[in-house]
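Asks: One structure is given below, represented as structure tokens, and several questions about it will come after.
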There are 2 protein chains.
Amino acid sequence: MITRMLTGIKSTGTPHLGNILSIVIPSIKMANVRPKDTSFIFIADLHSLIELENIKNIKDSIYKIVATWMAFGLDIDNCIFYRQSDVTEVTELAWYLSCFFSYKRLKLAHAFKSKKNNTVNVGLFYYPILMASDILLYDAEIIPVGKDQIQHIEISRKIANFFNRKINKKLFVLPNPFFKKHTMYINGIDGEKMSKSRNNFIDIFSSSEVLKKNIMKIRTDNKSFKDKKNPKTDYIIYLYKLISTFDEVRNMEKKYILGKYGYMEAKKKLYNHILYKFKFEREKFKFYMKNTNLLDKILNLGAKKAKIIARKKLNIIRKYLNFNSLF
Amino acid sequence: MITRMLTGIKSTGTPHLGNILSIVIPSIKMANVRPKDTSFIFIADLHSLIELENIKNIKDSIYKIVATWMAFGLDIDNCIFYRQSDVTEVTELAWYLSCFFSYKRLKLAHAFKSKKNNTVNVGLFYYPILMASDILLYDAEIIPVGKDQIQHIEISRKIANFFNRKINKKLFVLPNPFFKKHTMYINGIDGEKMSKSRNNFIDIFSSSEVLKKNIMKIRTDNKSFKDKKNPKTDYIIYLYKLISTFDEVRNMEKKYILGKYGYMEAKKKLYNHILYKFKFEREKFKFYMKNTNLLDKILNLGAKKAKIIARKKLNIIRKYLNFNSLF
């Protein structure tokens, strides 16, 4: 069997520049050149229930996510791109897996441990099991992750191992974390890690007015046009660098050092560059968001493909548990 | 909507005399006279996974359970009799419910608390959520239970309540525990509560040889035939009483008191009475166990009926969570 790759996307809000550069673009590059139907990319909307306030915006968020991936050129005929809640066979496997993993060990999971003293729901505690199910249901071996996710892969491996030993059969593939070169934290307009919760992100799909306002908020010191500036500590140049060529950046840096460039000018340049650089993607995004029936069709197609694979695997698992085939 | 009743059966081994008298017969009496398709009786084989050693005997155990209920006259056209693992929509709802219940509260569940210091799997911790899902998925309001199960109904009510308040809609019916008159603990051949784990049970479906051996093992003191005996402390009379008429029992008691009856004679009488009393049921049981394809058909029929109801309900729930309809 050709090695399968699987990656999940949180279903909260529009993907921002940080998500796009660190996840969307590198994942699409990978998925589009891998053998057909060996890349699984899913929107983890079942997971998003852990925070109940996500429910109300979930549809809009999912459309924006799908539109983003389509805008950046994901080849949906080559991969399996689906909404997790459309293939809920995963919750069935999760129950099975939960009987193969120690309660004490699950208590050591980071996300749970870090919130121990607050009001935590059972879902938050249980969700690494659901995540293991996401992976093991599709025999995924390559799991592109950030460092904060290694523990989840470890849990999945442990369950898979224990299950396999118990039934004396290599039923589950052992997944491996895969660290992408491109997996980097991208900082936002305040120099901290770009994130929705910090509200320091750049939404390249927002209207030009909103985008401009957003760019204008990039934090700087109070040097004037003629002051000499240090490009290494400047957040505007940092962001510009992420999406520009070496020469373009070099040029701006020189002017900074010589005191021949103001922050306002740099922000305008960044703003214009985003509009120019992502012109095509912005248009495609807008198109898809006006034609959400297309997005539904895309997700349906993915769900159908995923469901066939999921049910086939689940039937094999059920055989070992002495259950009937799925109806 | 007519009130629905739901009851679950553990899928371990053959139902013994204690199970039959306290659960099978009273449940059948109830189910057979209730309005059509308002009684849900299911074999909780997903729950049985919590103890992994149950996997190997699960098929045999399920056949024996179904054969028992059929032997005692369950009208499967009037109720919905199904195997839990055939309707795994319940695991999907369980995930949703888990996001609506506090981790801290679930830690207070008895079954989990009592085993706290041993190696417990996540399934054991999570299973009251799965049980809540069993109930809420079918809008069941009447849940016949023993006292040890009240807490589970309480948890189901709490989740249902919180969910309903959160979406501002009476989506889930609040279940109520229902204490059957017949819910009593039946003691076994050693005078302790009859149970599989104590191995003190009477299997009325075993061969006459095995049954005889079993009856002969009933614990007594060492009084001889002519000694006067106290019928109130005798386990043979206790068991005889459960399945005989007032006059028959009275007769035996008198002889005991007068020293005109031996334990061996009493045991033989009990043995013969079981064979006589359950003659028809034993024959039916044997017939079904030789025709397990019939048992499969019975479970299939139940699963189909249950699945339609489960999926309909799940689609309503999914609407409130902003998920698509089930594929």
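Numbering starts fresh at 1 for the residues of each chain in the structure tokens, the chains themselves are lettered A, B, ... in the order given, and ligands are numbered from 1 as they appear.
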Do a neighbour search on stretch 7-16 of chain B at 10 Å with only C-alpha atoms, toss out local chain neighbours closer than 6 positions, and write the hits as a PDB file with C-alpha atoms, in the first residue's frame.
Replies:
ATOM      1  CA  ILE B  23     -35.276  -8.784  33.967  1.00  0.00           C
ATOM      2  CA  VAL B  24     -36.315 -11.010  31.060  1.00  0.00           C
ATOM      3  CA  SER B  27     -39.526  -6.790  30.619  1.00  0.00           C
ATOM      4  CA  SER B  39     -40.233  -0.486  23.661  1.00  0.00           C
ATOM      5  CA  PHE B  40     -36.523  -0.496  22.892  1.00  0.00           C
ATOM      6  CA  ILE B  41     -34.588  -3.505  24.116  1.00  0.00           C
ATOM      7  CA  PHE B  42     -30.957  -3.694  23.110  1.00  0.00           C
ATOM      8  CA  ILE B  43     -27.949  -5.877  23.702  1.00  0.00           C
ATOM      9  CA  ALA B  44     -25.203  -3.577  24.935  1.00  0.00           C
ATOM     10  CA  ASP B  45     -22.287  -5.137  23.138  1.00  0.00           C
ATOM     11  CA  LEU B  46     -20.464  -1.843  22.584  1.00  0.00           C
ATOM     12  CA  HIS B  47     -20.386  -1.448  26.348  1.00  0.00           C
ATOM     13  CA  SER B  48     -19.018  -4.945  26.769  1.00  0.00           C
ATOM     14  CA  LEU B  49     -15.779  -3.892  25.033  1.00  0.00           C
ATOM     15  CA  ASN B  54     -15.477 -10.227  26.331  1.00  0.00           C
ATOM     16  CA  ILE B  55     -14.578  -9.932  22.644  1.00  0.00           C
ATOM     17  CA  ASN B  57     -17.226 -14.903  23.318  1.00  0.00           C
ATOM     18  CA  ILE B  58     -19.409 -12.035  22.192  1.00  0.00           C
ATOM     19  CA  LYS B  59     -21.136 -13.800  19.279  1.00  0.00           C
ATOM     20  CA  ASP B  60     -22.051 -16.854  21.291  1.00  0.00           C
ATOM     21  CA  SER B  61     -23.225 -14.702  24.165  1.00  0.00           C
ATOM     22  CA  ILE B  62     -25.454 -12.629  21.913  1.00  0.00           C
ATOM     23  CA  TYR B  63     -27.057 -15.686  20.362  1.00  0.00           C
ATOM     24  CA  LYS B  64     -27.787 -17.063  23.818  1.00  0.00           C
ATOM     25  CA  ILE B  65     -29.337 -13.795  24.924  1.00  0.00           C
ATOM     26  CA  VAL B  66     -31.556 -13.502  21.874  1.00  0.00           C
ATOM     27  CA  ALA B  67     -32.562 -17.162  22.149  1.00  0.00           C
ATOM     28  CA  THR B  68     -33.480 -16.604  25.811  1.00  0.00           C
ATOM     29  CA  TRP B  69     -35.704 -13.609  25.110  1.00  0.00           C
ATOM     30  CA  PHE B  81     -35.023  -5.500  19.789  1.00  0.00           C
ATOM     31  CA  TYR B  82     -31.535  -4.788  18.501  1.00  0.00           C
ATOM     32  CA  ARG B  83     -27.851  -5.230  18.911  1.00  0.00           C
ATOM     33  CA  GLN B  84     -26.210  -1.957  19.931  1.00  0.00           C
ATOM     34  CA  MET B 131     -25.272   5.194  27.977  1.00  0.00           C
ATOM     35  CA  ASP B 134     -28.353   5.094  24.132  1.00  0.00           C
ATOM     36  CA  ILE B 135     -31.236   6.738  25.942  1.00  0.00           C
ATOM     37  CA  ALA B 140     -36.720   7.148  25.781  1.00  0.00           C
ATOM     38  CA  ILE B 142     -39.054   5.212  30.877  1.00  0.00           C
ATOM     39  CA  ILE B 143     -35.871   3.429  31.826  1.00  0.00           C
ATOM     40  CA  PRO B 144     -36.413   0.339  33.980  1.00  0.00           C
ATOM     41  CA  VAL B 145     -33.358   0.113  36.219  1.00  0.00           C
ATOM     42  CA  GLY B 188     -27.695 -18.101  43.942  1.00  0.00           C
ATOM     43  CA  MET B 194     -26.762 -14.692  41.830  1.00  0.00           C
ATOM     44  CA  SER B 195     -24.123 -13.558  39.387  1.00  0.00           C
ATOM     45  CA  LYS B 196     -21.842 -14.797  36.666  1.00  0.00           C
ATOM     46  CA  ASN B 200     -23.250 -19.291  41.860  1.00  0.00           C
ATOM     47  CA  PHE B 201     -25.896 -19.102  39.155  1.00  0.00           C
ATOM     48  CA  ILE B 202     -28.381 -21.585  37.736  1.00  0.00           C
ATOM     49  CA  ASP B 203     -28.426 -21.859  33.960  1.00  0.00           C
ATOM     50  CA  ILE B 204     -31.864 -23.244  33.171  1.00  0.00           C
ATOM     51  CA  PHE B 205     -30.769 -23.855  29.582  1.00  0.00           C
ATOM     52  CA  SER B 206     -27.848 -26.110  30.422  1.00  0.00           C
TER      53      SER B 206
END
Asks: Taking only C-alpha atoms into account, report as a PyMOL selection string which residues of chain A lie within 9 Å of chain B.
Replies: chain A and resi 45-46+49-52+55-59+85-104+106+119-126+129-130+166+300+303-304+320-327
Asks: Report as a PyMOL selection string: the residues of stretch 71-232 of chain A with a DSSP assignment of helix (DSSP H, G or I), based on the backbone of this structure.
Replies: chain A and resi 71+84-86+89-98+103-106+110-113+122-136+147-167+208-216+231-232
Asks: May I ask for the distance between atom CA of B:Phe162 and atom CA of B:His110, given in Å to one decimal place?
Replies: 21.5 Å
Asks: How many Å separate atom CA of B:Tyr288 from atom CA of B:Leu17?
Replies: 18.5 Å
Asks: When you look at stretch 218-229 of chain A with a cut-off of 10 Å (counting only C-alpha atoms), what residues show up, excluding the ones that are within fewer than 6 positions of it in the same chain? I need them as JSON, numbers by chain.
Replies: {"A": [188, 189, 190, 191, 200, 201, 202, 235, 236, 239, 253, 254, 255, 256, 257, 258, 259, 260, 261, 262, 263, 264, 265, 267]}
Asks: Would you give me, as a PyMOL selection string, the residues in stretch 166-309 of chain B that DSSP reads as strand (DSSP E or B)?
Replies: chain B and resi 176-178+187+193
Asks: Could those residues be written to a file, using N, CA, C and O atoms, as a JSON list (two decimals), in the first residue's frame?
Replies:
[["chain", "number", "residue", "atom", "x", "y", "z"],
["B", 176, "ASN", "N", -36.61, 9.12, 32.77],
["B", 176, "ASN", "CA", -36.89, 8.86, 34.18],
["B", 176, "ASN", "C", -36.58, 7.42, 34.54],
["B", 176, "ASN", "O", -36.93, 6.52, 33.79],
["B", 177, "PRO", "N", -35.95, 7.21, 35.68],
["B", 177, "PRO", "CA", -35.76, 5.82, 36.12],
["B", 177, "PRO", "C", -37.11, 5.24, 36.50],
["B", 177, "PRO", "O", -37.98, 5.94, 37.01],
["B", 178, "PHE", "N", -37.29, 3.98, 36.21],
["B", 178, "PHE", "CA", -38.55, 3.31, 36.52],
["B", 178, "PHE", "C", -38.22, 2.05, 37.30],
["B", 178, "PHE", "O", -37.49, 1.19, 36.83],
["B", 187, "ASN", "N", -30.91, -14.57, 44.79],
["B", 187, "ASN", "CA", -29.69, -15.19, 45.31],
["B", 187, "ASN", "C", -29.40, -16.50, 44.61],
["B", 187, "ASN", "O", -30.30, -17.14, 44.06],
["B", 193, "LYS", "N", -26.01, -13.01, 46.19],
["B", 193, "LYS", "CA", -26.65, -12.54, 44.96],
["B", 193, "LYS", "C", -26.18, -13.35, 43.75],
["B", 193, "LYS", "O", -24.97, -13.52, 43.54]]
